[in-house]
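Notes follow the structure.
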Amino acid sequence: MRFTKMHGTGNDYVYVDCVREPQLSQQLGPDPSALAVAISRPHVGIGADGLVLIASSDVADFSMRIFNADGSEAEMCGNASRCIGKYVYERGLTQKEELTLETKAGVRTVWLSVRGGSVNSVRVDMGEPRLHPNEIGVSLPGERVVQAPIEAAGRSWRMTCVSMGNPHAVVFVDHDPSTLDLETVGPAFERHPLFPQRINTEFVQVVGRDALRMRVWERGSGETQACGTGACAALVASSLSSLTDRRATVHLLGGDLDIEWNPYTDRVFLTGPAAFVFDGEWLGGTYGKS
């Protein structure tokens with residue numbers, strides 16, 4: 001099975017082209033979770049945050065399915081969306097510089113910034129943030145969860161919860177998040193009883209009205225270099241708490257993402273780079289299931 005490894009600000013996935021090789025969709029079956037686990041292993045697999053399948057769509061230009069490193073399926077990924085935009089353009093699957101992408105969170109529009117035949121950055125319409133606890137998967141009352149108290153990893157925190165097609169708990173800290181013991185704190189949030197379907201958690205320091213610094217613990221993958229939906233959730237949460245304006249640069253371990261929450265349409269837009277790493281062929285038996 002041929003594959004391409006790509007990353008968006010360090011958030012790396014293995015991409016499989018089921019557009020050019022549609023038979024792969026049938027071979028992989030409806031649940032390629034075992035393949036995602038095998039491929040994502042850093043020493044005996046390829047090493048990645050997960051697996052992304054690029055395919056055709058009846059409702060958009062292309063579709064994607066995303067599987068985390070633990071095999072669980074994610075609803076949406078901003079970094080993967082940007083990488084797919086770069087892939088389909090530079091590999092000749094489309095000549096469009098504005099295209100649509102079907103995800104489990106709905107159809108998203110993607111705009112490509114092209115120079116000299118290469119895509120140097122991608123802007124994604126990430127949709128409207130959802131703030132009601134029932135839409136996020138948070139077992140708390142009320143219409144919104146803004147600066148709500150939570151006990152995790154033996155400490156008291158305050159969190160703001162946002163869905164960007166997938167669930168996020170944004171926790172603001174008053175120091176550089178690089179000092180956090182994320183290997184302890186991250187799992188404590190991910191599997192907290194308040195989140196029956198688990199949660200992605202962002203630990204965010206406000207460094208200005210237009211800048212945030214962030215680390216992320218992703219549901220099913222652990223700490224990643226970046227999370228596009230998480231960066232969007234962080235901007236929404238900081239704006240709700242009047243900590244920033246509606247447009248900010250989010251500084252992540254893997255690089256910077258520019259986020260804008262449009263006050264007129266209520267939609268969030270994500271802009272950032274995407275990069276190829278390498279192409280290869282997976283020889284792992286029956287696609288990691290044996």
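In the structure tokens, chains take letters A, B, ... by order of appearance, with residues numbered from 1 within each chain and ligands from 1 in the order shown.
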
Extract, using only C-alpha atoms, all DNA, RNA and protein residues at most 12 Å from A:Val146, discarding same-chain residues fewer than 3 positions from it, and format them as a list of chain:residue names.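 Contacts, with the query itself left out: A:Leu131, A:His132, A:Pro133, A:Val138, A:Leu140, A:Pro141, A:Gly142, A:Glu143, A:Pro149, A:Ile150, A:Trp157, A:Arg158, A:Met159, A:Thr160, A:Cys161, A:Val162, A:Ala169, A:Val170, A:Val171, A:Phe172, A:Ala234, A:Val236, A:Ala237, A:Ser238, A:Ser239, A:Leu240, A:Ser241, A:Ser242.
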
Could you write out the selected residues, including N, CA and C atoms, as an mmCIF file, in the first residue's frame?
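And here's result27.cif as it stands now:
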data_model
loop_
_atom_site.group_PDB
_atom_site.id
_atom_site.type_symbol
_atom_site.label_atom_id
_atom_site.label_comp_id
_atom_site.auth_asym_id
_atom_site.auth_seq_id
_atom_site.Cartn_x
_atom_site.Cartn_y
_atom_site.Cartn_z
ATOM 1 N N LEU A 131 -21.143 25.409 21.646
ATOM 2 C CA LEU A 131 -20.821 25.752 23.026
ATOM 3 C C LEU A 131 -21.713 25.082 24.059
ATOM 4 N N HIS A 132 -22.810 24.485 23.634
ATOM 5 C CA HIS A 132 -23.690 23.825 24.606
ATOM 6 C C HIS A 132 -23.045 22.515 25.055
ATOM 7 N N PRO A 133 -23.068 22.228 26.349
ATOM 8 C CA PRO A 133 -22.435 21.006 26.850
ATOM 9 C C PRO A 133 -22.881 19.738 26.129
ATOM 10 N N VAL A 138 -20.005 17.119 27.438
ATOM 11 C CA VAL A 138 -19.556 17.484 28.780
ATOM 12 C C VAL A 138 -20.728 17.303 29.741
ATOM 13 N N LEU A 140 -22.112 18.564 32.305
ATOM 14 C CA LEU A 140 -22.321 19.715 33.169
ATOM 15 C C LEU A 140 -23.603 20.429 32.750
ATOM 16 N N PRO A 141 -24.300 21.084 33.695
ATOM 17 C CA PRO A 141 -25.521 21.809 33.350
ATOM 18 C C PRO A 141 -25.206 23.164 32.730
ATOM 19 N N GLY A 142 -26.263 23.828 32.244
ATOM 20 C CA GLY A 142 -26.118 25.189 31.735
ATOM 21 C C GLY A 142 -26.013 25.234 30.220
ATOM 22 N N GLU A 143 -25.952 26.464 29.712
ATOM 23 C CA GLU A 143 -25.893 26.691 28.273
ATOM 24 C C GLU A 143 -24.463 26.684 27.738
ATOM 25 N N PRO A 149 -14.970 25.210 37.050
ATOM 26 C CA PRO A 149 -13.961 24.508 37.851
ATOM 27 C C PRO A 149 -13.941 23.017 37.546
ATOM 28 N N ILE A 150 -12.758 22.419 37.638
ATOM 29 C CA ILE A 150 -12.597 20.982 37.461
ATOM 30 C C ILE A 150 -11.387 20.527 38.276
ATOM 31 N N TRP A 157 -8.479 23.362 38.435
ATOM 32 C CA TRP A 157 -8.298 24.093 37.186
ATOM 33 C C TRP A 157 -9.617 24.772 36.831
ATOM 34 N N ARG A 158 -9.559 25.634 35.829
ATOM 35 C CA ARG A 158 -10.773 26.179 35.231
ATOM 36 C C ARG A 158 -10.705 25.952 33.730
ATOM 37 N N MET A 159 -11.827 25.530 33.166
ATOM 38 C CA MET A 159 -11.831 25.162 31.754
ATOM 39 C C MET A 159 -13.002 25.806 31.033
ATOM 40 N N THR A 160 -12.793 26.039 29.741
ATOM 41 C CA THR A 160 -13.851 26.479 28.833
ATOM 42 C C THR A 160 -13.961 25.425 27.743
ATOM 43 N N CYS A 161 -15.171 24.935 27.511
ATOM 44 C CA CYS A 161 -15.357 23.819 26.581
ATOM 45 C C CYS A 161 -15.984 24.281 25.270
ATOM 46 N N VAL A 162 -15.431 23.778 24.176
ATOM 47 C CA VAL A 162 -15.824 24.173 22.821
ATOM 48 C C VAL A 162 -15.784 22.937 21.934
ATOM 49 N N ALA A 169 -11.501 20.901 25.755
ATOM 50 C CA ALA A 169 -11.490 21.624 27.022
ATOM 51 C C ALA A 169 -10.266 22.524 27.012
ATOM 52 N N VAL A 170 -10.475 23.818 27.079
ATOM 53 C CA VAL A 170 -9.386 24.798 27.033
ATOM 54 C C VAL A 170 -9.111 25.271 28.456
ATOM 55 N N VAL A 171 -7.871 25.103 28.886
ATOM 56 C CA VAL A 171 -7.457 25.463 30.243
ATOM 57 C C VAL A 171 -6.405 26.564 30.144
ATOM 58 N N PHE A 172 -6.685 27.719 30.741
ATOM 59 C CA PHE A 172 -5.726 28.822 30.710
ATOM 60 C C PHE A 172 -4.786 28.727 31.898
ATOM 61 N N ALA A 234 -9.098 27.242 21.300
ATOM 62 C CA ALA A 234 -8.392 28.141 22.212
ATOM 63 C C ALA A 234 -8.738 29.601 21.930
ATOM 64 N N VAL A 236 -11.513 30.740 20.433
ATOM 65 C CA VAL A 236 -12.905 30.953 20.827
ATOM 66 C C VAL A 236 -13.006 31.111 22.342
ATOM 67 N N ALA A 237 -12.331 30.232 23.083
ATOM 68 C CA ALA A 237 -12.391 30.287 24.547
ATOM 69 C C ALA A 237 -11.795 31.574 25.087
ATOM 70 N N SER A 238 -10.675 32.016 24.521
ATOM 71 C CA SER A 238 -10.044 33.242 25.008
ATOM 72 C C SER A 238 -10.889 34.468 24.680
ATOM 73 N N SER A 239 -11.568 34.437 23.545
ATOM 74 C CA SER A 239 -12.452 35.539 23.186
ATOM 75 C C SER A 239 -13.681 35.571 24.088
ATOM 76 N N LEU A 240 -14.236 34.397 24.390
ATOM 77 C CA LEU A 240 -15.400 34.334 25.283
ATOM 78 C C LEU A 240 -15.080 34.903 26.657
ATOM 79 N N SER A 241 -13.840 34.728 27.078
ATOM 80 C CA SER A 241 -13.417 35.224 28.392
ATOM 81 C C SER A 241 -12.795 36.610 28.316
ATOM 82 N N SER A 242 -12.883 37.270 27.139
ATOM 83 C CA SER A 242 -12.348 38.619 26.915
ATOM 84 C C SER A 242 -10.846 38.698 27.174
#

DSSP on the backbone: which residues in stretch 62-257 of chain A end up as strand (DSSP E)? Give the answer as number ranges by chain. A: 62-68, 73-74, 98-103, 106-115, 118-125, 148-152, 155-163, 167-172, 200-208, 211-218, 222-224, 247-252, 255-257

In terms of the shortest atom-to-atom distance over only C-alpha atoms, which of A:Thr4, A:Asn120, A:Asn200, A:Thr271 is closest to A:Gly165?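 Among A:Thr4, A:Asn120, A:Asn200, A:Thr271, it is A:Asn200 that comes nearest to A:Gly165.
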
For A:Phe189: contacts at 10 Å, only C-alpha atoms, fewer than 3 positions along chain excluded, given as number ranges by chain: A: 150-153, 169, 184-186, 192-195, 198-202, 217, 219

What does the distance from atom CA of A:Glu190 to atom CA of A:Glu218 come to in Å, to one decimal?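 Pair atom CA of A:Glu190 / atom CA of A:Glu218 returns 7.9 Å.
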
If you count only C-alpha atoms, which residues fall within 10 Å of A:Tyr89, apart from same-chain ones fewer than 3 positions away, as a ChimeraX atom specification? /A:84-86,92-97,99,112,114,117-119

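For A:Glu21, the list of residues within 12 Å, based on only C-alpha atoms and with local chain neighbours fewer than 6 positions off taken out, reads Met1, Arg2, Phe3, Gln27, Leu28, Leu53, Ile54, Ala55 and Ser56 of chain A.
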
Contacts of A:Pro129 at 9 Å or less, counting only C-alpha atoms, minus same-chain residues fewer than 6 places along, as an mmCIF file with N, CA, C and O atoms, in the first residue's frame?
data_model
loop_
_atom_site.group_PDB
_atom_site.id
_atom_site.type_symbol
_atom_site.label_atom_id
_atom_site.label_comp_id
_atom_site.auth_asym_id
_atom_site.auth_seq_id
_atom_site.Cartn_x
_atom_site.Cartn_y
_atom_site.Cartn_z
ATOM 1 N N VAL A 162 -15.431 23.778 24.176
ATOM 2 C CA VAL A 162 -15.824 24.173 22.821
ATOM 3 C C VAL A 162 -15.784 22.937 21.934
ATOM 4 O O VAL A 162 -14.869 22.115 22.051
ATOM 5 N N SER A 163 -16.767 22.813 21.059
ATOM 6 C CA SER A 163 -16.675 21.809 19.996
ATOM 7 C C SER A 163 -16.388 22.503 18.677
ATOM 8 O O SER A 163 -17.076 23.444 18.291
ATOM 9 N N MET A 164 -15.348 22.030 17.981
ATOM 10 C CA MET A 164 -15.076 22.461 16.612
ATOM 11 C C MET A 164 -15.307 21.282 15.664
ATOM 12 O O MET A 164 -14.551 21.026 14.740
ATOM 13 N N GLY A 165 -16.399 20.572 15.927
ATOM 14 C CA GLY A 165 -16.655 19.310 15.244
ATOM 15 C C GLY A 165 -16.130 18.151 16.057
ATOM 16 O O GLY A 165 -16.554 17.014 15.892
ATOM 17 N N CYS A 232 -8.249 26.547 17.216
ATOM 18 C CA CYS A 232 -9.502 27.282 17.019
ATOM 19 C C CYS A 232 -10.291 27.360 18.322
ATOM 20 O O CYS A 232 -10.825 28.421 18.680
ATOM 21 N N ALA A 233 -10.366 26.236 19.037
ATOM 22 C CA ALA A 233 -11.081 26.225 20.322
ATOM 23 C C ALA A 233 -10.436 27.179 21.312
ATOM 24 O O ALA A 233 -11.128 27.864 22.085
ATOM 25 N N VAL A 236 -11.513 30.740 20.433
ATOM 26 C CA VAL A 236 -12.905 30.953 20.827
ATOM 27 C C VAL A 236 -13.006 31.111 22.342
ATOM 28 O O VAL A 236 -13.660 32.023 22.849
ATOM 29 N N ASP A 266 -20.062 33.920 12.492
ATOM 30 C CA ASP A 266 -19.800 33.036 13.624
ATOM 31 C C ASP A 266 -18.889 31.870 13.243
ATOM 32 O O ASP A 266 -18.689 30.945 14.020
ATOM 33 N N ARG A 267 -18.282 31.916 12.054
ATOM 34 C CA ARG A 267 -17.429 30.821 11.616
ATOM 35 C C ARG A 267 -15.970 31.111 11.974
ATOM 36 O O ARG A 267 -15.548 32.274 12.033
ATOM 37 N N VAL A 268 -15.231 30.038 12.202
ATOM 38 C CA VAL A 268 -13.827 30.143 12.577
ATOM 39 C C VAL A 268 -12.969 29.733 11.376
ATOM 40 O O VAL A 268 -13.263 28.734 10.712
#

Among listed residues A:Pro187, A:Gly222, A:Pro196, A:Gly106, nearest A:Met126 (using only C-alpha atoms):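 The answer is A:Gly106, which sits nearest to A:Met126.
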
Which of these, A:Glu73, A:Asp176, A:Glu102, A:Asp125, has the shortest distance to A:Asn262 once you count only C-alpha atoms? A:Asp125

Got a sec: who's within 7 Å of A:Phe67, counting only C-alpha atoms, leaving out chain neighbours fewer than 6 positions off, as a ChimeraX atom specification? /A:33,36,50-52,73-74

Using only C-alpha atoms, can you tell me which of A:Pro177, A:Gly127, A:Gly284, A:Gly71 comes closest to A:Ser221? A:Gly71
